file model.pdb (PDB, C-alpha atoms)
ATOM      1  CA  MET A   1       0.000   0.000   0.000
ATOM      2  CA  PHE A   2       2.740   2.457   0.967
ATOM      3  CA  SER A   3       4.713   1.740  -2.201
ATOM      4  CA  TYR A   4       1.715   3.099  -4.147
ATOM      5  CA  LEU A   5       0.992   5.998  -1.781
ATOM      6  CA  LEU A   6       4.493   7.293  -1.090
ATOM      7  CA  PRO A   7       5.158   8.723  -4.580
ATOM      8  CA  ALA A   8       1.940  10.744  -4.132
ATOM      9  CA  LEU A   9       2.755  11.948  -0.615
ATOM     10  CA  ILE A  10       6.390  12.834  -1.323
ATOM     11  CA  PRO A  11       6.314  13.564  -5.041
ATOM     12  CA  SER A  12       9.124  14.593  -7.301
ATOM     13  CA  TRP A  13       7.577  16.811  -9.931
ATOM     14  CA  ARG A  14      10.267  16.262 -12.564
ATOM     15  CA  PHE A  15       7.954  15.488 -15.466
ATOM     16  CA  PHE A  16       9.927  14.687 -18.612
ATOM     17  CA  ASP A  17      13.231  16.186 -17.450
ATOM     18  CA  TYR A  18      14.797  13.560 -19.725
ATOM     19  CA  ILE A  19      13.009  12.750 -22.970
ATOM     20  CA  ALA A  20      13.188   8.978 -22.940
ATOM     21  CA  PRO A  21      12.588   6.810 -26.024
ATOM     22  CA  SER A  22       8.846   6.795 -26.665
ATOM     23  CA  PRO A  23       6.893   3.522 -26.864
ATOM     24  CA  ARG A  24       4.194   3.156 -29.545
ATOM     25  CA  ILE A  25       1.638   0.362 -29.496
ATOM     26  CA  GLU A  26       0.926  -1.455 -32.754
ATOM     27  CA  PHE A  27      -1.510  -4.309 -33.207
ATOM     28  CA  ALA A  28      -2.306  -6.996 -35.752
ATOM     29  CA  VAL A  29      -5.484  -9.003 -36.257
ATOM     30  CA  VAL A  30      -4.827 -12.370 -37.920
ATOM     31  CA  ALA A  31      -6.724 -15.549 -38.726
ATOM     32  CA  ALA A  32      -4.157 -17.973 -37.275
ATOM     33  CA  VAL A  33      -1.706 -17.869 -34.374
ATOM     34  CA  ASP A  34       1.291 -18.451 -36.644
ATOM     35  CA  ASP A  35       0.074 -16.309 -39.555
ATOM     36  CA  PRO A  36       3.250 -15.134 -41.333
ATOM     37  CA  ALA A  37       1.516 -12.107 -42.909
ATOM     38  CA  MET A  38       1.298  -9.972 -39.782
ATOM     39  CA  ARG A  39      -0.032  -6.518 -40.802
ATOM     40  CA  TRP A  40       0.928  -4.236 -37.933
ATOM     41  CA  ARG A  41      -1.043  -1.020 -37.497
ATOM     42  CA  GLU A  42      -0.576   1.836 -35.060
ATOM     43  CA  PHE A  43      -3.122   1.712 -32.244
ATOM     44  CA  ARG A  44      -5.240   4.882 -32.239
ATOM     45  CA  PRO A  45      -3.121   6.945 -34.662
ATOM     46  CA  ARG A  46      -3.254  10.710 -34.126
ATOM     47  CA  PRO A  47      -5.731  12.499 -36.418
ATOM     48  CA  ALA A  48      -4.062  14.480 -39.220
ATOM     49  CA  HIS A  49      -6.383  17.411 -38.552
ATOM     50  CA  LEU A  50      -8.516  18.324 -35.563
ATOM     51  CA  PRO A  51     -11.156  21.106 -35.737
ATOM     52  CA  VAL A  52     -10.867  23.832 -33.089
ATOM     53  CA  ALA A  53     -14.259  22.874 -31.606
ATOM     54  CA  ALA A  54     -13.049  19.291 -31.102
ATOM     55  CA  MET A  55      -9.828  20.564 -29.505
ATOM     56  CA  LEU A  56     -11.826  22.666 -27.022
ATOM     57  CA  ARG A  57     -14.185  19.789 -26.278
ATOM     58  CA  ARG A  58     -11.242  17.454 -25.674
ATOM     59  CA  LEU A  59      -9.779  19.876 -23.128
ATOM     60  CA  LEU A  60     -12.745  19.014 -20.907
ATOM     61  CA  TRP A  61     -13.722  15.521 -22.012
ATOM     62  CA  ASN A  62     -11.381  12.998 -23.594
ATOM     63  CA  PRO A  63     -11.609   9.569 -21.951
ATOM     64  CA  VAL A  64     -10.199   7.812 -25.023
ATOM     65  CA  TRP A  65      -6.986   9.879 -24.919
ATOM     66  CA  ASN A  66      -6.664   9.316 -21.170
ATOM     67  CA  GLU A  67      -7.001   5.580 -21.745
ATOM     68  CA  SER A  68      -4.349   5.772 -24.494
ATOM     69  CA  LEU A  69      -1.984   7.590 -22.101
ATOM     70  CA  PHE A  70      -2.576   4.885 -19.493
ATOM     71  CA  MET A  71      -1.800   2.226 -22.123
ATOM     72  CA  VAL A  72       1.465   3.973 -23.063
ATOM     73  CA  SER A  73       2.433   4.090 -19.397
ATOM     74  CA  CYS A  74       1.541   0.374 -19.149
ATOM     75  CA  ALA A  75       3.720  -0.291 -22.230
ATOM     76  CA  GLU A  76       6.661   1.570 -20.643
ATOM     77  CA  LYS A  77       6.361  -0.555 -17.502
ATOM     78  CA  LEU A  78       6.027  -3.715 -19.608
ATOM     79  CA  LEU A  79       9.317  -2.910 -21.358
ATOM     80  CA  ASP A  80      11.046  -2.342 -17.999
ATOM     81  CA  GLU A  81       9.553  -5.378 -16.316
ATOM     82  CA  PRO A  82       7.617  -7.988 -18.352
ATOM     83  CA  SER A  83       4.369  -8.966 -16.622
ATOM     84  CA  THR A  84       1.507 -11.160 -17.848
ATOM     85  CA  ARG A  85      -0.952  -8.914 -15.973
ATOM     86  CA  ARG A  86       0.098  -5.806 -17.925
ATOM     87  CA  GLU A  87       0.249  -7.761 -21.184
ATOM     88  CA  GLY A  88      -3.302  -9.021 -20.534
ATOM     89  CA  GLU A  89      -4.428  -5.486 -19.647
ATOM     90  CA  LEU A  90      -3.219  -4.108 -22.993
ATOM     91  CA  LEU A  91      -4.671  -7.032 -24.972
ATOM     92  CA  ALA A  92      -8.053  -6.619 -23.236
ATOM     93  CA  ARG A  93      -8.167  -2.881 -23.967
ATOM     94  CA  ILE A  94      -7.202  -3.319 -27.644
ATOM     95  CA  ALA A  95      -9.728  -6.182 -27.955
ATOM     96  CA  ALA A  96     -12.441  -3.939 -26.490
ATOM     97  CA  THR A  97     -11.769  -1.239 -29.102
ATOM     98  CA  ILE A  98     -11.968  -3.879 -31.851
ATOM     99  CA  ALA A  99     -15.248  -5.211 -30.410
ATOM    100  CA  ARG A 100     -16.661  -1.642 -30.406
ATOM    101  CA  GLY A 101     -15.788  -1.324 -34.100
ATOM    102  CA  GLU A 102     -13.281   1.472 -33.469
ATOM    103  CA  THR A 103     -10.586  -0.128 -35.622
ATOM    104  CA  GLY A 104     -12.830  -1.306 -38.475
ATOM    105  CA  ASP A 105     -11.755  -4.959 -38.106
ATOM    106  CA  LYS A 106     -14.229  -7.764 -38.773
ATOM    107  CA  VAL A 107     -14.042 -10.442 -36.096
ATOM    108  CA  THR A 108     -14.903 -13.922 -37.398
ATOM    109  CA  GLY A 109     -14.892 -17.367 -35.778
ATOM    110  CA  SER A 110     -11.119 -17.620 -35.660
ATOM    111  CA  THR A 111      -9.497 -14.263 -35.082
ATOM    112  CA  TYR A 112      -6.363 -13.605 -33.076
ATOM    113  CA  LEU A 113      -4.921 -10.401 -31.759
ATOM    114  CA  ARG A 114      -1.302  -9.557 -31.077
ATOM    115  CA  PHE A 115       0.284  -6.282 -30.132
ATOM    116  CA  ARG A 116       3.852  -5.114 -30.151
ATOM    117  CA  ILE A 117       5.629  -2.184 -28.584
ATOM    118  CA  VAL A 118       7.839  -0.186 -30.920
ATOM    119  CA  VAL A 119      10.354   2.114 -29.248
ATOM    120  CA  LEU A 120      11.074   5.346 -31.118
ATOM    121  CA  LYS A 121      14.262   7.213 -30.383
ATOM    122  CA  ARG A 122      15.309  10.463 -32.014
ATOM    123  CA  GLN A 123      18.988  11.148 -32.599
ATOM    124  CA  GLY A 124      19.290  14.531 -34.301
ATOM    125  CA  GLU A 125      17.034  14.364 -37.342
ATOM    126  CA  GLN A 126      17.007  10.577 -37.455
ATOM    127  CA  ILE A 127      14.310   8.516 -35.737
ATOM    128  CA  SER A 128      15.228   4.911 -35.000
ATOM    129  CA  ARG A 129      12.569   2.209 -34.447
ATOM    130  CA  ARG A 130      13.122  -0.900 -32.380
ATOM    131  CA  VAL A 131      10.575  -3.588 -31.534
ATOM    132  CA  GLY A 132      10.843  -3.949 -27.772
ATOM    133  CA  PHE A 133       8.058  -6.435 -27.066
ATOM    134  CA  VAL A 134       5.657  -8.757 -28.907
ATOM    135  CA  SER A 135       2.617 -10.123 -27.083
ATOM    136  CA  TRP A 136       1.135 -13.576 -27.143
ATOM    137  CA  ALA A 137      -1.685 -14.290 -29.609
ATOM    138  CA  GLN A 138      -5.083 -13.752 -28.078
ATOM    139  CA  LEU A 139      -8.220 -15.448 -29.398
ATOM    140  CA  LEU A 140     -11.024 -12.938 -29.931
ATOM    141  CA  ASP A 141     -14.741 -13.277 -30.280
ATOM    142  CA  ALA A 142     -17.165 -10.708 -31.603
ATOM    143  CA  THR A 143     -18.365  -9.721 -28.121
ATOM    144  CA  GLY A 144     -14.912  -8.631 -27.006
ATOM    145  CA  LYS A 145     -14.482 -11.620 -24.714
ATOM    146  CA  ILE A 146     -11.019 -13.035 -24.876
ATOM    147  CA  GLY A 147      -9.304 -16.312 -24.079
ATOM    148  CA  ALA A 148      -5.560 -16.932 -23.931
ATOM    149  CA  VAL A 149      -4.009 -19.291 -26.490
TER     150      VAL A 149
ATOM    151  CA  MET B   1     -10.164  33.624   2.292
ATOM    152  CA  ASN B   2      -9.833  31.970   5.689
ATOM    153  CA  LEU B   3      -8.591  28.429   6.325
ATOM    154  CA  ASP B   4     -12.041  26.857   6.758
ATOM    155  CA  LEU B   5     -13.292  28.319   3.506
ATOM    156  CA  ALA B   6     -10.123  27.190   1.665
ATOM    157  CA  LEU B   7     -10.646  23.688   3.064
ATOM    158  CA  ARG B   8     -14.281  23.614   1.994
ATOM    159  CA  TRP B   9     -13.561  24.902  -1.522
ATOM    160  CA  SER B  10     -10.749  22.364  -1.913
ATOM    161  CA  GLU B  11     -13.164  19.573  -0.975
ATOM    162  CA  ILE B  12     -15.808  20.776  -3.415
ATOM    163  CA  LEU B  13     -13.367  21.124  -6.327
ATOM    164  CA  MET B  14     -11.755  17.758  -5.562
ATOM    165  CA  GLY B  15     -15.219  16.184  -5.477
ATOM    166  CA  CYS B  16     -15.952  17.674  -8.920
ATOM    167  CA  ALA B  17     -12.646  16.290 -10.261
ATOM    168  CA  PHE B  18     -13.494  12.822  -8.902
ATOM    169  CA  LEU B  19     -16.921  12.999 -10.534
ATOM    170  CA  GLN B  20     -15.393  13.752 -13.919
ATOM    171  CA  GLN B  21     -12.726  11.054 -13.550
ATOM    172  CA  GLY B  22     -15.429   8.574 -12.534
ATOM    173  CA  ALA B  23     -17.630   9.472 -15.511
ATOM    174  CA  GLU B  24     -14.784   8.460 -17.828
ATOM    175  CA  HIS B  25     -14.986   4.898 -16.500
ATOM    176  CA  LEU B  26     -18.757   4.411 -16.662
ATOM    177  CA  ASN B  27     -18.447   2.452 -19.918
ATOM    178  CA  ALA B  28     -15.483   0.416 -18.682
ATOM    179  CA  PRO B  29     -15.650  -3.313 -17.847
ATOM    180  CA  ALA B  30     -17.659  -4.094 -14.688
ATOM    181  CA  LYS B  31     -14.706  -4.605 -12.314
ATOM    182  CA  GLU B  32     -13.293  -1.213 -13.239
ATOM    183  CA  ARG B  33     -16.690   0.484 -13.174
ATOM    184  CA  TRP B  34     -17.402  -0.756  -9.656
ATOM    185  CA  LEU B  35     -14.336   1.037  -8.358
ATOM    186  CA  TYR B  36     -15.487   4.347  -9.801
ATOM    187  CA  ILE B  37     -19.253   4.329  -9.122
ATOM    188  CA  PRO B  38     -18.787   4.282  -5.302
ATOM    189  CA  ARG B  39     -16.131   6.966  -5.747
ATOM    190  CA  MET B  40     -18.654   9.162  -7.566
ATOM    191  CA  VAL B  41     -21.222   8.643  -4.799
ATOM    192  CA  LEU B  42     -18.617   9.549  -2.156
ATOM    193  CA  ALA B  43     -17.604  12.595  -4.225
ATOM    194  CA  LEU B  44     -21.224  13.813  -4.235
ATOM    195  CA  LEU B  45     -21.409  13.392  -0.456
ATOM    196  CA  LEU B  46     -18.136  15.301  -0.112
ATOM    197  CA  ILE B  47     -19.463  18.149  -2.265
ATOM    198  CA  ALA B  48     -22.585  18.213  -0.069
ATOM    199  CA  GLY B  49     -20.371  18.461   3.007
ATOM    200  CA  VAL B  50     -21.591  15.237   4.647
ATOM    201  CA  GLN B  51     -19.132  13.844   7.252
ATOM    202  CA  PRO B  52     -15.974  14.934   5.392
ATOM    203  CA  LEU B  53     -13.601  13.016   7.675
ATOM    204  CA  ILE B  54     -15.290   9.646   7.054
ATOM    205  CA  ILE B  55     -15.897  10.324   3.361
ATOM    206  CA  GLU B  56     -12.263  11.338   2.782
ATOM    207  CA  ALA B  57     -11.009   8.244   4.622
ATOM    208  CA  LEU B  58     -13.216   6.056   2.390
ATOM    209  CA  LEU B  59     -12.056   7.933  -0.720
ATOM    210  CA  LEU B  60      -8.452   7.304   0.302
ATOM    211  CA  LEU B  61      -9.096   3.559   0.664
ATOM    212  CA  LEU B  62     -10.747   3.524  -2.769
ATOM    213  CA  GLY B  63      -7.814   5.528  -4.157
ATOM    214  CA  VAL B  64      -5.396   2.844  -2.957
ATOM    215  CA  ALA B  65      -7.636   0.114  -4.435
ATOM    216  CA  ILE B  66      -7.594   1.974  -7.776
ATOM    217  CA  LEU B  67      -3.786   2.295  -7.605
ATOM    218  CA  TYR B  68      -3.585  -1.461  -7.013
ATOM    219  CA  ARG B  69      -6.012  -2.238  -9.855
ATOM    220  CA  PHE B  70      -3.944  -0.264 -12.380
ATOM    221  CA  GLN B  71      -0.576  -1.094 -10.770
ATOM    222  CA  GLY B  72       0.052   2.633 -10.389
ATOM    223  CA  PRO B  73      -1.824   5.819 -11.283
ATOM    224  CA  TYR B  74      -4.246   5.691 -14.240
ATOM    225  CA  ASN B  75      -3.854   9.387 -15.011
ATOM    226  CA  GLY B  76      -0.221   9.859 -13.970
ATOM    227  CA  GLY B  77       0.532  13.146 -12.204
ATOM    228  CA  SER B  78      -3.137  14.121 -12.014
ATOM    229  CA  ASP B  79      -3.978  11.026  -9.920
ATOM    230  CA  ARG B  80      -0.960  11.625  -7.708
ATOM    231  CA  MET B  81      -1.983  15.216  -7.079
ATOM    232  CA  SER B  82      -5.551  14.086  -6.276
ATOM    233  CA  LEU B  83      -4.205  11.601  -3.715
ATOM    234  CA  LEU B  84      -1.908  14.195  -2.173
ATOM    235  CA  LEU B  85      -4.833  16.622  -1.948
ATOM    236  CA  LEU B  86      -7.024  13.932  -0.392
ATOM    237  CA  CYS B  87      -4.365  12.961   2.199
ATOM    238  CA  CYS B  88      -3.717  16.583   3.186
ATOM    239  CA  LEU B  89      -7.438  17.377   3.527
ATOM    240  CA  LEU B  90      -7.891  14.238   5.627
ATOM    241  CA  MET B  91      -4.916  15.220   7.806
ATOM    242  CA  SER B  92      -6.371  18.694   8.295
ATOM    243  CA  HIS B  93      -9.572  17.098   9.681
ATOM    244  CA  LEU B  94      -7.536  14.809  11.949
ATOM    245  CA  ALA B  95      -5.234  17.629  13.111
ATOM    246  CA  PRO B  96      -5.488  18.147  16.894
ATOM    247  CA  THR B  97      -4.825  21.909  16.740
ATOM    248  CA  ARG B  98      -5.297  24.786  14.317
ATOM    249  CA  GLN B  99      -1.516  24.943  13.821
ATOM    250  CA  TRP B 100      -1.334  21.309  12.635
ATOM    251  CA  GLN B 101      -4.259  21.986  10.343
ATOM    252  CA  GLU B 102      -2.306  24.866   8.810
ATOM    253  CA  ILE B 103       0.772  22.644   8.428
ATOM    254  CA  ALA B 104      -1.276  20.012   6.525
ATOM    255  CA  LEU B 105      -2.690  22.574   4.096
ATOM    256  CA  GLY B 106       0.654  24.397   3.934
ATOM    257  CA  TYR B 107       2.391  21.183   2.809
ATOM    258  CA  LEU B 108      -0.250  20.788   0.109
ATOM    259  CA  SER B 109       0.272  24.384  -1.059
ATOM    260  CA  VAL B 110       4.062  23.970  -1.241
ATOM    261  CA  GLN B 111       3.712  20.763  -3.296
ATOM    262  CA  LEU B 112       1.184  22.420  -5.600
ATOM    263  CA  VAL B 113       3.554  25.330  -6.286
ATOM    264  CA  LEU B 114       6.526  22.974  -6.740
ATOM    265  CA  SER B 115       4.601  20.778  -9.193
ATOM    266  CA  TYR B 116       4.176  23.673 -11.606
ATOM    267  CA  ALA B 117       7.441  25.484 -10.825
ATOM    268  CA  ILE B 118       9.777  22.481 -11.258
ATOM    269  CA  SER B 119       8.112  20.942 -14.292
ATOM    270  CA  GLY B 120       7.728  24.440 -15.807
ATOM    271  CA  TRP B 121      11.417  25.195 -15.257
ATOM    272  CA  ILE B 122      12.439  21.902 -16.905
ATOM    273  CA  LYS B 123      10.404  22.811 -19.977
ATOM    274  CA  LEU B 124      11.750  26.369 -20.110
ATOM    275  CA  SER B 125      15.368  25.236 -19.839
ATOM    276  CA  ASN B 126      15.164  22.431 -22.431
ATOM    277  CA  PRO B 127      15.280  23.710 -26.050
ATOM    278  CA  ASP B 128      13.370  20.643 -27.312
ATOM    279  CA  TRP B 129      10.404  21.622 -25.132
ATOM    280  CA  ARG B 130      10.605  25.268 -26.206
ATOM    281  CA  SER B 131      10.542  24.350 -29.910
ATOM    282  CA  GLY B 132       7.731  21.807 -29.476
ATOM    283  CA  GLN B 133       9.935  18.926 -30.690
ATOM    284  CA  ALA B 134       9.676  17.136 -27.323
ATOM    285  CA  LEU B 135       5.874  17.015 -27.605
ATOM    286  CA  LYS B 136       6.201  15.100 -30.883
ATOM    287  CA  ASP B 137       8.780  12.769 -29.336
ATOM    288  CA  VAL B 138       6.760  12.035 -26.204
ATOM    289  CA  PHE B 139       3.281  11.766 -27.757
TER     290      PHE B 139
END
call {"tool": "encode", "arguments": {"input": "model.pdb", "output": "structure tokens"}}
result
Amino acid sequence: MFSYLLPALIPSWRFFDYIAPSPRIEFAVVAAVDDPAMRWREFRPRPAHLPVAAMLRRLLWNPVWNESLFMVSCAEKLLDEPSTRREGELLARIAATIARGETGDKVTGSTYLRFRIVVLKRQGEQISRRVGFVSWAQLLDATGKIGAV
Amino acid sequence: MNLDLALRWSEILMGCAFLQQGAEHLNAPAKERWLYIPRMVLALLLIAGVQPLIIEALLLLLGVAILYRFQGPYNGGSDRMSLLLLCCLLMSHLAPTRQWQEIALGYLSVQLVLSYAISGWIKLSNPDWRSGQALKDVF
């Protein structure tokens, strides 16, 4: 309990004093666990353009973005310390967005989900990409329920 | 503004923040939702001024349960500041004298100022933050 509370009671407010390599979550929906044609896509890519009204609305109400920030923080922790709980958390949240139709994927009888964490690091003008983690394949059904393979 | 009024306003605004945070989780899976619905009820009671000591103690217990559920804060610094605010308000109710009450709220005020001053200074002193490049790198 205290390990969770102490950082809040005695905080260090050094947000982003060092710009660490940034993790990006990508996912792939495939028909078989060992499908060689894995088509990775960025999870919730940023919109190319956002109207001013939407920007103002999102200042007050943006649960999807807050969830995405939580998932990035989960991905950072997963890279530091692999954990099946965090891996399951990310798979469940991506599966829920697929079940809601957010990603445009059709879920059939045999559909599997994987995600990977790509670490982006900028050195001058160059941005390097490194795959830091690949999840297990997760069986999906159309209701968003999931079962480990 | 006197100390009692500052305390009351802090409780009301914190209650509003908890209501908004809770509303974000109303469409979440059941286990997650059932952490936030009681929090919203407690937040309403806090805004109404009902038994603030007991309500804040219950909110703190729920806050720890939420930290455990997400293995850390869900909303990063915002959740940490909410917990700090909650602990300091609770301490001010438990404080045996007026002076200890002032110390509890004084600690909160110092941390609030530091949170903006330190993170603001880091961003002013780093050219990548000033140019906006860091935002692209982080997000």
call {"tool": "closest_residue", "arguments": {"input": "model.pdb", "among": "B:Trp34, B:Ile47, B:Gly22, B:Pro52", "to": "chain A", "atoms": "all atoms listed in the file"}}
result
B:Gly22
call {"tool": "resolve_selection", "arguments": {"input": "model.pdb", "expression": "the PyMOL selection byres ((chain B) within 6 of (chain A))", "output": "ChimeraX atom specification"}}
result
/B:24,74,80,84,115,119,122,138
call {"tool": "resolve_selection", "arguments": {"input": "model.pdb", "expression": "the PyMOL selection byres ((chain A and resi 137) around 8)", "output": "ChimeraX atom specification"}}
result
/A:33,112-114,135-136,138-139,148-149
call {"tool": "write_last_selection", "arguments": {"input": "model.pdb", "atoms": "C-alpha atoms", "output": "mmCIF file, in the coordinates of the input"}}
result
data_model
loop_
_atom_site.group_PDB
_atom_site.id
_atom_site.type_symbol
_atom_site.label_atom_id
_atom_site.label_comp_id
_atom_site.auth_asym_id
_atom_site.auth_seq_id
_atom_site.Cartn_x
_atom_site.Cartn_y
_atom_site.Cartn_z
ATOM 1 C CA VAL A 33 -1.706 -17.869 -34.374
ATOM 2 C CA TYR A 112 -6.363 -13.605 -33.076
ATOM 3 C CA LEU A 113 -4.921 -10.401 -31.759
ATOM 4 C CA ARG A 114 -1.302 -9.557 -31.077
ATOM 5 C CA SER A 135 2.617 -10.123 -27.083
ATOM 6 C CA TRP A 136 1.135 -13.576 -27.143
ATOM 7 C CA GLN A 138 -5.083 -13.752 -28.078
ATOM 8 C CA LEU A 139 -8.220 -15.448 -29.398
ATOM 9 C CA ALA A 148 -5.560 -16.932 -23.931
ATOM 10 C CA VAL A 149 -4.009 -19.291 -26.490
#
call {"tool": "closest_residue", "arguments": {"input": "model.pdb", "among": "B:Ser125, B:Leu135, B:Met81, B:Ala48", "to": "Ser109 (chain B)", "atoms": "only C-alpha atoms"}}
result
B:Met81
call {"tool": "atom_distance", "arguments": {"input": "model.pdb", "atom1": "CA of Ile117 (chain A)", "atom2": "CA of Ala75 (chain A)"}}
result
6.9 Å
call {"tool": "resolve_selection", "arguments": {"input": "model.pdb", "expression": "the PyMOL selection byres ((chain B and resi 89) around 8)", "output": "compact mmCIF listing (two decimals) with C-alpha atoms, keeping the file's coordinate frame"}}
result
# COMPACT_ATOMS: atom_id res chain seq x y z
CA LEU B 7 -10.65 23.69 3.06
CA GLU B 11 -13.16 19.57 -0.98
CA GLU B 56 -12.26 11.34 2.78
CA LEU B 85 -4.83 16.62 -1.95
CA LEU B 86 -7.02 13.93 -0.39
CA CYS B 87 -4.36 12.96 2.20
CA CYS B 88 -3.72 16.58 3.19
CA LEU B 90 -7.89 14.24 5.63
CA MET B 91 -4.92 15.22 7.81
CA SER B 92 -6.37 18.69 8.30
CA HIS B 93 -9.57 17.10 9.68
CA ALA B 104 -1.28 20.01 6.52
CA LEU B 105 -2.69 22.57 4.10
call {"tool": "atom_distance", "arguments": {"input": "model.pdb", "atom1": "CA of Arg57 (chain A)", "atom2": "CA of Phe139 (chain B)"}}
result
19.3 Å
call {"tool": "atom_distance", "arguments": {"input": "model.pdb", "atom1": "CA of Val30 (chain A)", "atom2": "CA of Val119 (chain A)"}}
result
22.7 Å
call {"tool": "closest_residue", "arguments": {"input": "model.pdb", "among": "A:Leu90, A:Val107, A:Leu56, A:Pro45", "to": "Glu76 (chain A)", "atoms": "only C-alpha atoms"}}
result
A:Leu90
call {"tool": "closest_residue", "arguments": {"input": "model.pdb", "among": "A:Leu59, A:Phe115, A:Trp65, A:Gly88", "to": "Pro47 (chain A)", "atoms": "all atoms listed in the file"}}
result
A:Trp65
call {"tool": "closest_residue", "arguments": {"input": "model.pdb", "among": "A:Gln126, A:Asp35, A:Leu50, A:Phe43", "to": "Gly104 (chain A)", "atoms": "only C-alpha atoms"}}
result
A:Phe43
call {"tool": "closest_residue", "arguments": {"input": "model.pdb", "among": "B:Leu61, B:Ala117, B:Cys16, B:Gln21", "to": "Asn75 (chain B)", "atoms": "all atoms listed in the file"}}
result
B:Gln21
call {"tool": "decode", "arguments": {"input": "model.pdb", "residues": "region 119-124 of chain B", "atoms": "all heavy atoms", "output": "PDB file, in the first residue's frame"}}
result
ATOM      1  N   SER B 119       8.324  21.464 -12.937  1.00  0.00           N
ATOM      2  CA  SER B 119       8.112  20.942 -14.292  1.00  0.00           C
ATOM      3  C   SER B 119       8.106  22.084 -15.313  1.00  0.00           C
ATOM      4  O   SER B 119       8.545  21.902 -16.460  1.00  0.00           O
ATOM      5  CB  SER B 119       6.835  20.105 -14.374  1.00  0.00           C
ATOM      6  OG  SER B 119       5.754  20.830 -13.874  1.00  0.00           O
ATOM      7  N   GLY B 120       7.676  23.280 -14.911  1.00  0.00           N
ATOM      8  CA  GLY B 120       7.728  24.440 -15.807  1.00  0.00           C
ATOM      9  C   GLY B 120       9.169  24.842 -16.101  1.00  0.00           C
ATOM     10  O   GLY B 120       9.525  25.135 -17.250  1.00  0.00           O
ATOM     11  N   TRP B 121      10.010  24.817 -15.071  1.00  0.00           N
ATOM     12  CA  TRP B 121      11.417  25.195 -15.257  1.00  0.00           C
ATOM     13  C   TRP B 121      12.123  24.214 -16.200  1.00  0.00           C
ATOM     14  O   TRP B 121      12.900  24.626 -17.073  1.00  0.00           O
ATOM     15  CB  TRP B 121      12.142  25.257 -13.903  1.00  0.00           C
ATOM     16  CG  TRP B 121      13.597  25.513 -14.059  1.00  0.00           C
ATOM     17  CD1 TRP B 121      14.614  24.635 -13.824  1.00  0.00           C
ATOM     18  CD2 TRP B 121      14.206  26.719 -14.548  1.00  0.00           C
ATOM     19  NE1 TRP B 121      15.815  25.209 -14.123  1.00  0.00           N
ATOM     20  CE2 TRP B 121      15.594  26.494 -14.563  1.00  0.00           C
ATOM     21  CE3 TRP B 121      13.704  27.956 -14.966  1.00  0.00           C
ATOM     22  CZ2 TRP B 121      16.490  27.475 -14.978  1.00  0.00           C
ATOM     23  CZ3 TRP B 121      14.597  28.927 -15.389  1.00  0.00           C
ATOM     24  CH2 TRP B 121      15.966  28.680 -15.382  1.00  0.00           C
ATOM     25  N   ILE B 122      11.829  22.919 -16.031  1.00  0.00           N
ATOM     26  CA  ILE B 122      12.439  21.902 -16.905  1.00  0.00           C
ATOM     27  C   ILE B 122      12.089  22.199 -18.367  1.00  0.00           C
ATOM     28  O   ILE B 122      12.931  22.132 -19.261  1.00  0.00           O
ATOM     29  CB  ILE B 122      11.954  20.492 -16.492  1.00  0.00           C
ATOM     30  CG1 ILE B 122      12.653  20.066 -15.197  1.00  0.00           C
ATOM     31  CG2 ILE B 122      12.201  19.468 -17.593  1.00  0.00           C
ATOM     32  CD1 ILE B 122      12.028  18.868 -14.515  1.00  0.00           C
ATOM     33  N   LYS B 123      10.839  22.575 -18.590  1.00  0.00           N
ATOM     34  CA  LYS B 123      10.404  22.811 -19.977  1.00  0.00           C
ATOM     35  C   LYS B 123      10.974  24.117 -20.526  1.00  0.00           C
ATOM     36  O   LYS B 123      11.277  24.220 -21.715  1.00  0.00           O
ATOM     37  CB  LYS B 123       8.876  22.780 -20.057  1.00  0.00           C
ATOM     38  CG  LYS B 123       8.375  21.348 -19.902  1.00  0.00           C
ATOM     39  CD  LYS B 123       6.907  21.232 -19.705  1.00  0.00           C
ATOM     40  CE  LYS B 123       6.514  19.793 -19.462  1.00  0.00           C
ATOM     41  NZ  LYS B 123       7.033  19.237 -18.192  1.00  0.00           N
ATOM     42  N   LEU B 124      11.152  25.111 -19.641  1.00  0.00           N
ATOM     43  CA  LEU B 124      11.750  26.369 -20.110  1.00  0.00           C
ATOM     44  C   LEU B 124      13.234  26.192 -20.432  1.00  0.00           C
ATOM     45  O   LEU B 124      13.751  26.811 -21.361  1.00  0.00           O
ATOM     46  CB  LEU B 124      11.610  27.439 -19.018  1.00  0.00           C
ATOM     47  CG  LEU B 124      10.276  28.167 -18.942  1.00  0.00           C
ATOM     48  CD1 LEU B 124      10.279  29.104 -17.749  1.00  0.00           C
ATOM     49  CD2 LEU B 124      10.020  28.950 -20.225  1.00  0.00           C
TER      50      LEU B 124
END
